[in-house]
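Below: target-v5.txt (compact mmCIF, C-alpha atoms and all ligand atoms)
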# COMPACT_ATOMS: atom_id res chain seq x y z
CA MET X 42 110.09 68.46 99.20
CA ASP X 43 111.01 71.25 101.67
CA LYS X 44 108.28 72.57 103.93
CA PRO X 45 106.85 75.80 102.42
CA ASP X 46 108.15 78.72 104.46
CA PHE X 47 107.91 82.47 104.69
CA ILE X 48 109.45 84.94 107.12
CA HIS X 49 106.44 85.56 109.33
CA LYS X 50 105.05 86.66 112.65
CA TYR X 51 102.54 84.47 114.50
CA ILE X 52 100.55 85.58 117.52
CA PRO X 53 98.34 82.75 118.81
CA ALA X 54 94.90 83.48 120.22
CA PRO X 55 94.41 83.01 123.96
CA LYS X 56 91.41 80.72 123.36
CA PRO X 57 91.26 77.63 121.09
CA HIS X 58 88.96 77.60 118.04
CA SER X 59 89.34 81.35 117.48
CA PRO X 60 89.61 82.48 113.87
CA THR X 61 93.03 83.37 112.46
CA LEU X 62 93.58 86.59 110.53
CA LEU X 63 96.09 86.11 107.72
CA LEU X 64 97.62 89.59 107.40
CA LEU X 65 98.93 90.43 103.92
CA HIS X 66 100.81 93.71 103.60
CA GLY X 67 101.03 96.08 100.64
CA THR X 68 104.08 96.77 98.45
CA GLY X 69 107.03 97.83 100.59
CA GLY X 70 105.52 96.44 103.80
CA ASN X 71 106.60 93.54 105.97
CA GLU X 72 105.32 91.07 108.56
CA ASP X 73 105.14 93.76 111.28
CA ASP X 74 103.02 96.24 109.35
CA LEU X 75 99.49 94.98 109.81
CA VAL X 76 99.84 93.42 113.28
CA PRO X 77 98.47 96.48 115.15
CA LEU X 78 95.60 96.62 112.63
CA GLY X 79 94.87 92.89 113.10
CA GLU X 80 94.77 93.39 116.88
CA GLN X 81 92.19 96.15 116.46
CA LEU X 82 90.08 94.38 113.86
CA LEU X 83 89.25 91.21 115.72
CA PRO X 84 90.56 91.12 119.31
CA GLY X 85 91.02 87.50 120.40
CA ALA X 86 91.88 86.19 116.91
CA SER X 87 95.23 84.55 116.13
CA LEU X 88 97.38 86.57 113.76
CA LEU X 89 99.59 85.10 111.04
CA SER X 90 101.56 87.66 109.09
CA PRO X 91 103.96 86.52 106.35
CA ARG X 92 106.37 88.74 104.44
CA GLY X 93 106.08 88.73 100.62
CA LYS X 94 109.12 87.10 98.98
CA VAL X 95 109.38 89.19 95.82
CA LEU X 96 111.53 92.31 95.96
CA GLU X 97 110.77 95.28 93.72
CA GLN X 98 113.60 97.77 94.14
CA GLY X 99 114.08 96.39 97.64
CA MET X 100 110.36 96.53 98.49
CA PRO X 101 108.71 93.25 99.52
CA ARG X 102 105.63 92.14 97.54
CA PHE X 103 103.69 88.91 97.19
CA PHE X 104 104.17 88.52 93.39
CA ARG X 105 105.92 90.20 90.47
CA ARG X 106 104.34 92.90 88.33
CA LEU X 107 105.41 94.11 84.91
CA ALA X 108 104.14 97.65 85.52
CA GLU X 109 101.74 99.30 87.95
CA GLY X 110 98.54 97.25 87.80
CA VAL X 111 99.98 94.84 85.15
CA PHE X 112 100.74 91.50 86.74
CA ASP X 113 103.17 88.74 85.83
CA VAL X 114 100.44 86.09 85.82
CA PRO X 115 102.65 82.93 85.79
CA ASP X 116 104.53 84.35 88.80
CA LEU X 117 101.25 85.30 90.49
CA VAL X 118 99.93 81.74 90.03
CA ALA X 119 103.13 80.17 91.39
CA ARG X 120 103.29 82.60 94.35
CA THR X 121 99.61 82.06 95.16
CA HIS X 122 100.18 78.30 95.41
CA GLU X 123 103.35 78.83 97.46
CA LEU X 124 101.51 81.06 99.94
CA ALA X 125 98.48 78.74 100.08
CA ASP X 126 100.81 75.76 100.73
CA PHE X 127 102.44 77.67 103.60
CA VAL X 128 99.06 78.62 105.11
CA ASP X 129 97.64 75.09 104.69
CA GLU X 130 100.69 73.57 106.37
CA PHE X 131 100.61 76.16 109.19
CA LYS X 132 96.89 75.57 109.68
CA ALA X 133 97.41 71.80 110.02
CA SER X 134 100.49 71.98 112.26
CA HIS X 135 98.95 74.60 114.61
CA GLN X 136 95.44 73.13 114.48
CA LEU X 137 93.86 76.36 113.28
CA ASP X 138 90.32 76.25 111.98
CA ARG X 139 89.03 79.31 110.12
CA ILE X 140 91.52 81.48 108.22
CA VAL X 141 90.30 84.95 107.24
CA ALA X 142 92.62 87.06 105.09
CA VAL X 143 93.06 90.77 105.73
CA GLY X 144 94.97 92.22 102.80
CA PHE X 145 95.91 95.70 101.71
CA SER X 146 96.64 96.53 98.04
CA ASN X 147 99.20 93.95 96.81
CA GLY X 148 98.29 91.75 99.81
CA ALA X 149 94.58 92.07 98.96
CA ASN X 150 95.34 91.08 95.37
CA ILE X 151 97.11 87.84 96.32
CA ALA X 152 94.29 87.05 98.75
CA ALA X 153 91.79 87.48 95.88
CA SER X 154 93.99 85.18 93.78
CA MET X 155 93.89 82.55 96.57
CA PHE X 156 90.08 82.53 96.44
CA LEU X 157 90.18 82.13 92.66
CA ILE X 158 92.76 79.32 92.38
CA ARG X 159 93.12 77.86 95.92
CA PRO X 160 89.66 78.35 97.39
CA ALA X 161 89.96 75.77 100.18
CA THR X 162 92.60 77.74 102.12
CA LEU X 163 90.52 80.76 103.18
CA THR X 164 87.09 81.06 104.78
CA GLY X 165 86.66 84.78 104.26
CA ALA X 166 88.52 88.03 103.75
CA VAL X 167 88.68 91.75 104.12
CA LEU X 168 90.22 93.13 100.94
CA PHE X 169 91.29 96.77 101.19
CA ARG X 170 91.87 98.37 97.72
CA ALA X 171 91.84 95.15 95.67
CA MET X 172 91.58 94.65 91.90
CA VAL X 173 91.06 91.59 89.66
CA PRO X 174 94.33 89.66 89.99
CA LEU X 175 93.53 87.08 87.28
CA VAL X 176 90.54 85.28 85.78
CA PRO X 177 90.88 81.50 86.04
CA GLU X 178 89.72 79.26 83.14
CA THR X 179 87.43 77.38 85.50
CA LEU X 180 85.66 79.42 88.12
CA PRO X 181 85.87 78.07 91.69
CA ASP X 182 82.85 77.38 93.88
CA LEU X 183 82.91 80.12 96.53
CA ARG X 184 79.40 79.61 97.88
CA ASP X 185 80.69 79.19 101.46
CA LYS X 186 82.98 82.28 101.39
CA ARG X 187 82.25 85.74 102.80
CA LEU X 188 84.21 88.80 101.76
CA LEU X 189 84.26 92.51 102.51
CA LEU X 190 85.80 94.75 99.83
CA THR X 191 86.53 98.36 100.66
CA SER X 192 87.41 100.57 97.71
CA GLY X 193 88.41 104.22 97.43
CA THR X 194 86.23 106.35 95.15
CA TYR X 195 89.28 108.45 94.22
CA ASP X 196 91.87 105.64 94.14
CA PRO X 197 94.41 106.67 91.47
CA LEU X 198 95.70 103.07 91.14
CA ILE X 199 92.37 101.21 90.83
CA ASP X 200 89.47 102.43 88.66
CA ARG X 201 85.97 102.13 89.95
CA GLU X 202 85.14 99.63 87.17
CA GLU X 203 88.11 97.45 88.15
CA ALA X 204 86.95 97.16 91.76
CA ILE X 205 83.39 96.45 90.58
CA LYS X 206 84.71 93.74 88.21
CA LEU X 207 86.35 91.99 91.15
CA ARG X 208 83.11 92.06 93.12
CA GLN X 209 81.19 90.68 90.12
CA LEU X 210 83.75 87.92 89.53
CA LEU X 211 83.59 86.78 93.17
CA GLU X 212 79.78 86.91 93.10
CA ARG X 213 79.70 84.89 89.87
CA CYS X 214 81.60 82.21 91.83
CA GLY X 215 78.87 82.26 94.49
CA ALA X 216 80.69 84.26 97.21
CA THR X 217 78.78 86.59 99.53
CA VAL X 218 80.41 89.98 99.01
CA LEU X 219 79.82 93.28 100.77
CA HIS X 220 81.36 96.09 98.73
CA HIS X 221 81.89 99.29 100.67
CA TRP X 222 82.99 102.56 99.02
CA ILE X 223 84.89 105.26 100.87
CA GLU X 224 85.51 108.74 99.47
CA VAL X 225 89.31 108.49 99.60
CA GLY X 226 92.28 107.39 97.49
CA HIS X 227 94.47 104.29 97.85
CA GLN X 228 95.47 104.83 101.48
CA LEU X 229 93.80 103.06 104.42
CA THR X 230 91.61 105.26 106.57
CA ARG X 231 89.88 105.11 109.92
CA GLN X 232 86.64 104.41 108.07
CA ASP X 233 88.17 101.23 106.55
CA VAL X 234 89.14 100.08 110.03
CA VAL X 235 85.74 100.79 111.57
CA THR X 236 83.87 99.11 108.67
CA ALA X 237 86.14 96.06 108.74
CA ARG X 238 85.93 95.70 112.51
CA GLN X 239 82.14 95.76 112.47
CA TRP X 240 81.96 93.29 109.62
CA LEU X 241 84.53 90.86 111.10
CA THR X 242 82.85 90.96 114.51
CA LYS X 243 79.48 90.17 112.94
CA GLU X 244 80.73 87.43 110.62
CA PHE X 245 83.57 85.72 112.53
CA SER X 246 83.57 86.29 116.28
C1 LIG W 301 99.74 95.45 92.90
O1 LIG W 301 100.80 95.52 92.33
O2 LIG W 301 99.35 94.45 93.53
C2 LIG W 301 98.87 96.65 92.83
O3 LIG W 301 99.31 97.49 91.81
C3 LIG W 301 98.82 97.36 94.12
C4 LIG W 301 100.17 97.81 94.59
O4 LIG W 301 100.88 97.04 95.20
O5 LIG W 301 100.54 98.96 94.36

Reformat the file's structure so that it appears as structure tokens.
Ligand code: MLT
Amino acid sequence: MDKPDFIHKYIPAPKPHSPTLLLLHGTGGNEDDLVPLGEQLLPGASLLSPRGKVLEQGMPRFFRRLAEGVFDVPDLVARTHELADFVDEFKASHQLDRIVAVGFSNGANIAASMFLIRPATLTGAVLFRAMVPLVPETLPDLRDKRLLLTSGTYDPLIDREEAIKLRQLLERCGATVLHHWIEVGHQLTRQDVVTARQWLTKEFS
């Protein structure tokens, strides 16, 4: 079988045993998008930033959707495994230890899916504007995972209940979740960055 691969950017940490931030962009982004954010969020971490392989009208994404907020679940499952295989292989070949996802929107949704169906790959995550990607038949054991969710009170794409459902699902699996609300819409704000930086520094540096 071919080695799993994605177009990606990798910036190794200066010191060994530093955590790695897995940067997962939103719809229409690419591997360059979140690198400046990653550098701000946890200085000294390695950064691994893949580009989503699905194109929606030319815009890269991590999995197919049938309409806004309506996911093609078989594709999502297959793409989640493909991304987790890539990260697992990268982790082994570069001797990385802790992988912490930082995802925005579509990237946050595939990161949530990784916790639900490939829980061994990630140690923690910052999920900006995430929703429930899928509900697996058997819930994973996430007792050793730590996540920060930041949601926008006025997000036109994700209802309040939807973001709360994701938090409840992750908590039902045993994860430790901090859910932070910001009075904004879907876009990332300075407040997301400040909140995420404080949380990552406390939990992973
Ligand atoms: C998704 O498709 O993952 C969500 O609707 C968020 C987005 O990418 O717009």

Ile223 (chain X) environment, 9 Å, all atoms listed in the file, sequence neighbours closer than 6 positions dropped, as a list in words: Thr191, Ser192, Gly193, Thr194, Tyr195, Thr230, Gln232 and Asp233 of chain X

Selection within 12 Å of ligand LIG 301 (chain W) by all atoms listed in the file, output as a PyMOL selection string: chain X and resi 65-70+93+95-97+100-114+117+144-154+168-175+196-200+203-204+227-228

Residue neighbourhood region 73-75 of chain X, 10 Å, only C-alpha atoms, exclusion window fewer than 5 positions, as a ChimeraX atom specification: /X:49-50,63-67,80-81,88-92,143-145

CA of Glu130 (chain X) to CA of Cys214 (chain X), straight-line distance in Å: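 Taking CA of Cys214 (chain X) and CA of Glu130 (chain X), their separation equals 25.5 Å.
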
Separation of CA of Arg208 (chain X) from CA of Ala166 (chain X), in Å and rounded to one decimal: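 Rounded to one decimal, the two atoms are 12.6 Å apart.
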
All residues 9 Å or closer to Lys56 (chain X), only C-alpha atoms, same chain fewer than 3 positions away omitted, as a list in words: Pro53, Ser59, Gly85 and Ala86 of chain X

Which residue of X:Val167, X:Leu124, X:Leu229, X:Leu188 approaches Leu83 (chain X) most closely, using all atoms listed in the file: X:Val167

Pick from X:Asn71, X:Thr217, X:Gln136, X:Gln98, whichever lies nearest to Ala54 (chain X) using all atoms listed in the file: X:Gln136

Take the structure in the block and write a file for region 162-199 of chain X, N, CA and C atoms, as a PDB file, in the first residue's frame.
ATOM      1  N   THR X 162      -4.886   9.023  17.675  1.00  0.00           N
ATOM      2  CA  THR X 162      -3.985   9.916  16.928  1.00  0.00           C
ATOM      3  C   THR X 162      -3.703  11.237  17.652  1.00  0.00           C
ATOM      4  N   LEU X 163      -4.721  11.792  18.304  1.00  0.00           N
ATOM      5  CA  LEU X 163      -4.585  13.134  18.882  1.00  0.00           C
ATOM      6  C   LEU X 163      -4.611  13.086  20.413  1.00  0.00           C
ATOM      7  N   THR X 164      -3.841  14.006  21.014  1.00  0.00           N
ATOM      8  CA  THR X 164      -3.834  14.114  22.475  1.00  0.00           C
ATOM      9  C   THR X 164      -4.839  15.161  22.942  1.00  0.00           C
ATOM     10  N   GLY X 165      -4.975  16.222  22.156  1.00  0.00           N
ATOM     11  CA  GLY X 165      -5.872  17.305  22.525  1.00  0.00           C
ATOM     12  C   GLY X 165      -6.188  18.136  21.300  1.00  0.00           C
ATOM     13  N   ALA X 166      -6.981  19.184  21.503  1.00  0.00           N
ATOM     14  CA  ALA X 166      -7.330  20.023  20.352  1.00  0.00           C
ATOM     15  C   ALA X 166      -7.907  21.354  20.785  1.00  0.00           C
ATOM     16  N   VAL X 167      -7.712  22.323  19.897  1.00  0.00           N
ATOM     17  CA  VAL X 167      -8.468  23.570  19.947  1.00  0.00           C
ATOM     18  C   VAL X 167      -9.379  23.528  18.731  1.00  0.00           C
ATOM     19  N   LEU X 168     -10.683  23.547  18.962  1.00  0.00           N
ATOM     20  CA  LEU X 168     -11.637  23.503  17.860  1.00  0.00           C
ATOM     21  C   LEU X 168     -12.365  24.837  17.795  1.00  0.00           C
ATOM     22  N   PHE X 169     -12.047  25.611  16.755  1.00  0.00           N
ATOM     23  CA  PHE X 169     -12.703  26.904  16.544  1.00  0.00           C
ATOM     24  C   PHE X 169     -13.914  26.680  15.647  1.00  0.00           C
ATOM     25  N   ARG X 170     -15.119  26.994  16.131  1.00  0.00           N
ATOM     26  CA  ARG X 170     -16.371  26.927  15.341  1.00  0.00           C
ATOM     27  C   ARG X 170     -16.649  25.510  14.819  1.00  0.00           C
ATOM     28  N   ALA X 171     -16.668  24.548  15.740  1.00  0.00           N
ATOM     29  CA  ALA X 171     -16.924  23.159  15.336  1.00  0.00           C
ATOM     30  C   ALA X 171     -18.375  22.768  15.572  1.00  0.00           C
ATOM     31  N   MET X 172     -18.831  21.728  14.884  1.00  0.00           N
ATOM     32  CA  MET X 172     -20.160  21.154  15.098  1.00  0.00           C
ATOM     33  C   MET X 172     -20.009  19.635  15.197  1.00  0.00           C
ATOM     34  N   VAL X 173     -21.124  18.920  15.431  1.00  0.00           N
ATOM     35  CA  VAL X 173     -21.035  17.457  15.528  1.00  0.00           C
ATOM     36  C   VAL X 173     -20.801  16.917  14.113  1.00  0.00           C
ATOM     37  N   PRO X 174     -19.663  16.255  13.866  1.00  0.00           N
ATOM     38  CA  PRO X 174     -19.419  15.782  12.507  1.00  0.00           C
ATOM     39  C   PRO X 174     -20.178  14.489  12.207  1.00  0.00           C
ATOM     40  N   LEU X 175     -20.250  13.598  13.209  1.00  0.00           N
ATOM     41  CA  LEU X 175     -20.955  12.324  13.112  1.00  0.00           C
ATOM     42  C   LEU X 175     -21.074  11.764  14.521  1.00  0.00           C
ATOM     43  N   VAL X 176     -21.971  10.782  14.689  1.00  0.00           N
ATOM     44  CA  VAL X 176     -22.072  10.118  15.998  1.00  0.00           C
ATOM     45  C   VAL X 176     -21.755   8.643  15.755  1.00  0.00           C
ATOM     46  N   PRO X 177     -20.619   8.161  16.268  1.00  0.00           N
ATOM     47  CA  PRO X 177     -20.259   6.764  15.999  1.00  0.00           C
ATOM     48  C   PRO X 177     -21.161   5.795  16.756  1.00  0.00           C
ATOM     49  N   GLU X 178     -21.306   4.559  16.228  1.00  0.00           N
ATOM     50  CA  GLU X 178     -22.155   3.554  16.912  1.00  0.00           C
ATOM     51  C   GLU X 178     -21.610   3.235  18.297  1.00  0.00           C
ATOM     52  N   THR X 179     -20.281   3.099  18.363  1.00  0.00           N
ATOM     53  CA  THR X 179     -19.654   2.839  19.660  1.00  0.00           C
ATOM     54  C   THR X 179     -18.861   4.072  20.038  1.00  0.00           C
ATOM     55  N   LEU X 180     -19.125   4.584  21.228  1.00  0.00           N
ATOM     56  CA  LEU X 180     -18.406   5.802  21.619  1.00  0.00           C
ATOM     57  C   LEU X 180     -16.979   5.451  22.037  1.00  0.00           C
ATOM     58  N   PRO X 181     -16.002   6.298  21.646  1.00  0.00           N
ATOM     59  CA  PRO X 181     -14.611   6.042  22.034  1.00  0.00           C
ATOM     60  C   PRO X 181     -14.369   6.431  23.493  1.00  0.00           C
ATOM     61  N   ASP X 182     -13.269   5.958  24.031  1.00  0.00           N
ATOM     62  CA  ASP X 182     -12.865   6.348  25.384  1.00  0.00           C
ATOM     63  C   ASP X 182     -11.923   7.550  25.248  1.00  0.00           C
ATOM     64  N   LEU X 183     -12.392   8.718  25.643  1.00  0.00           N
ATOM     65  CA  LEU X 183     -11.573   9.939  25.482  1.00  0.00           C
ATOM     66  C   LEU X 183     -11.137  10.484  26.842  1.00  0.00           C
ATOM     67  N   ARG X 184     -11.019   9.584  27.830  1.00  0.00           N
ATOM     68  CA  ARG X 184     -10.724  10.076  29.179  1.00  0.00           C
ATOM     69  C   ARG X 184      -9.371  10.779  29.294  1.00  0.00           C
ATOM     70  N   ASP X 185      -8.432  10.471  28.361  1.00  0.00           N
ATOM     71  CA  ASP X 185      -7.123  11.144  28.462  1.00  0.00           C
ATOM     72  C   ASP X 185      -6.997  12.316  27.479  1.00  0.00           C
ATOM     73  N   LYS X 186      -8.117  12.809  26.943  1.00  0.00           N
ATOM     74  CA  LYS X 186      -8.048  13.904  25.943  1.00  0.00           C
ATOM     75  C   LYS X 186      -8.546  15.215  26.545  1.00  0.00           C
ATOM     76  N   ARG X 187      -7.906  16.307  26.115  1.00  0.00           N
ATOM     77  CA  ARG X 187      -8.296  17.646  26.580  1.00  0.00           C
ATOM     78  C   ARG X 187      -8.597  18.526  25.373  1.00  0.00           C
ATOM     79  N   LEU X 188      -9.756  19.152  25.395  1.00  0.00           N
ATOM     80  CA  LEU X 188     -10.140  19.982  24.249  1.00  0.00           C
ATOM     81  C   LEU X 188     -10.647  21.349  24.697  1.00  0.00           C
ATOM     82  N   LEU X 189     -10.345  22.342  23.874  1.00  0.00           N
ATOM     83  CA  LEU X 189     -10.947  23.669  24.011  1.00  0.00           C
ATOM     84  C   LEU X 189     -11.845  23.890  22.791  1.00  0.00           C
ATOM     85  N   LEU X 190     -13.119  24.199  23.021  1.00  0.00           N
ATOM     86  CA  LEU X 190     -14.012  24.589  21.925  1.00  0.00           C
ATOM     87  C   LEU X 190     -14.258  26.076  22.064  1.00  0.00           C
ATOM     88  N   THR X 191     -14.127  26.825  20.978  1.00  0.00           N
ATOM     89  CA  THR X 191     -14.599  28.206  21.030  1.00  0.00           C
ATOM     90  C   THR X 191     -15.695  28.356  19.977  1.00  0.00           C
ATOM     91  N   SER X 192     -16.836  28.867  20.430  1.00  0.00           N
ATOM     92  CA  SER X 192     -18.007  29.002  19.557  1.00  0.00           C
ATOM     93  C   SER X 192     -18.452  30.452  19.517  1.00  0.00           C
ATOM     94  N   GLY X 193     -19.055  30.831  18.399  1.00  0.00           N
ATOM     95  CA  GLY X 193     -19.559  32.199  18.243  1.00  0.00           C
ATOM     96  C   GLY X 193     -21.049  32.240  18.575  1.00  0.00           C
ATOM     97  N   THR X 194     -21.419  33.118  19.488  1.00  0.00           N
ATOM     98  CA  THR X 194     -22.830  33.237  19.892  1.00  0.00           C
ATOM     99  C   THR X 194     -23.728  33.562  18.692  1.00  0.00           C
ATOM    100  N   TYR X 195     -23.186  34.317  17.731  1.00  0.00           N
ATOM    101  CA  TYR X 195     -24.010  34.729  16.580  1.00  0.00           C
ATOM    102  C   TYR X 195     -23.579  34.010  15.298  1.00  0.00           C
ATOM    103  N   ASP X 196     -23.006  32.812  15.437  1.00  0.00           N
ATOM    104  CA  ASP X 196     -22.520  32.089  14.243  1.00  0.00           C
ATOM    105  C   ASP X 196     -23.711  31.707  13.355  1.00  0.00           C
ATOM    106  N   PRO X 197     -23.777  32.218  12.113  1.00  0.00           N
ATOM    107  CA  PRO X 197     -24.928  31.899  11.265  1.00  0.00           C
ATOM    108  C   PRO X 197     -24.867  30.465  10.719  1.00  0.00           C
ATOM    109  N   LEU X 198     -23.696  29.810  10.795  1.00  0.00           N
ATOM    110  CA  LEU X 198     -23.558  28.456  10.245  1.00  0.00           C
ATOM    111  C   LEU X 198     -23.778  27.370  11.295  1.00  0.00           C
ATOM    112  N   ILE X 199     -23.568  27.710  12.568  1.00  0.00           N
ATOM    113  CA  ILE X 199     -23.642  26.687  13.624  1.00  0.00           C
ATOM    114  C   ILE X 199     -24.524  27.204  14.757  1.00  0.00           C
TER     115      ILE X 199
END
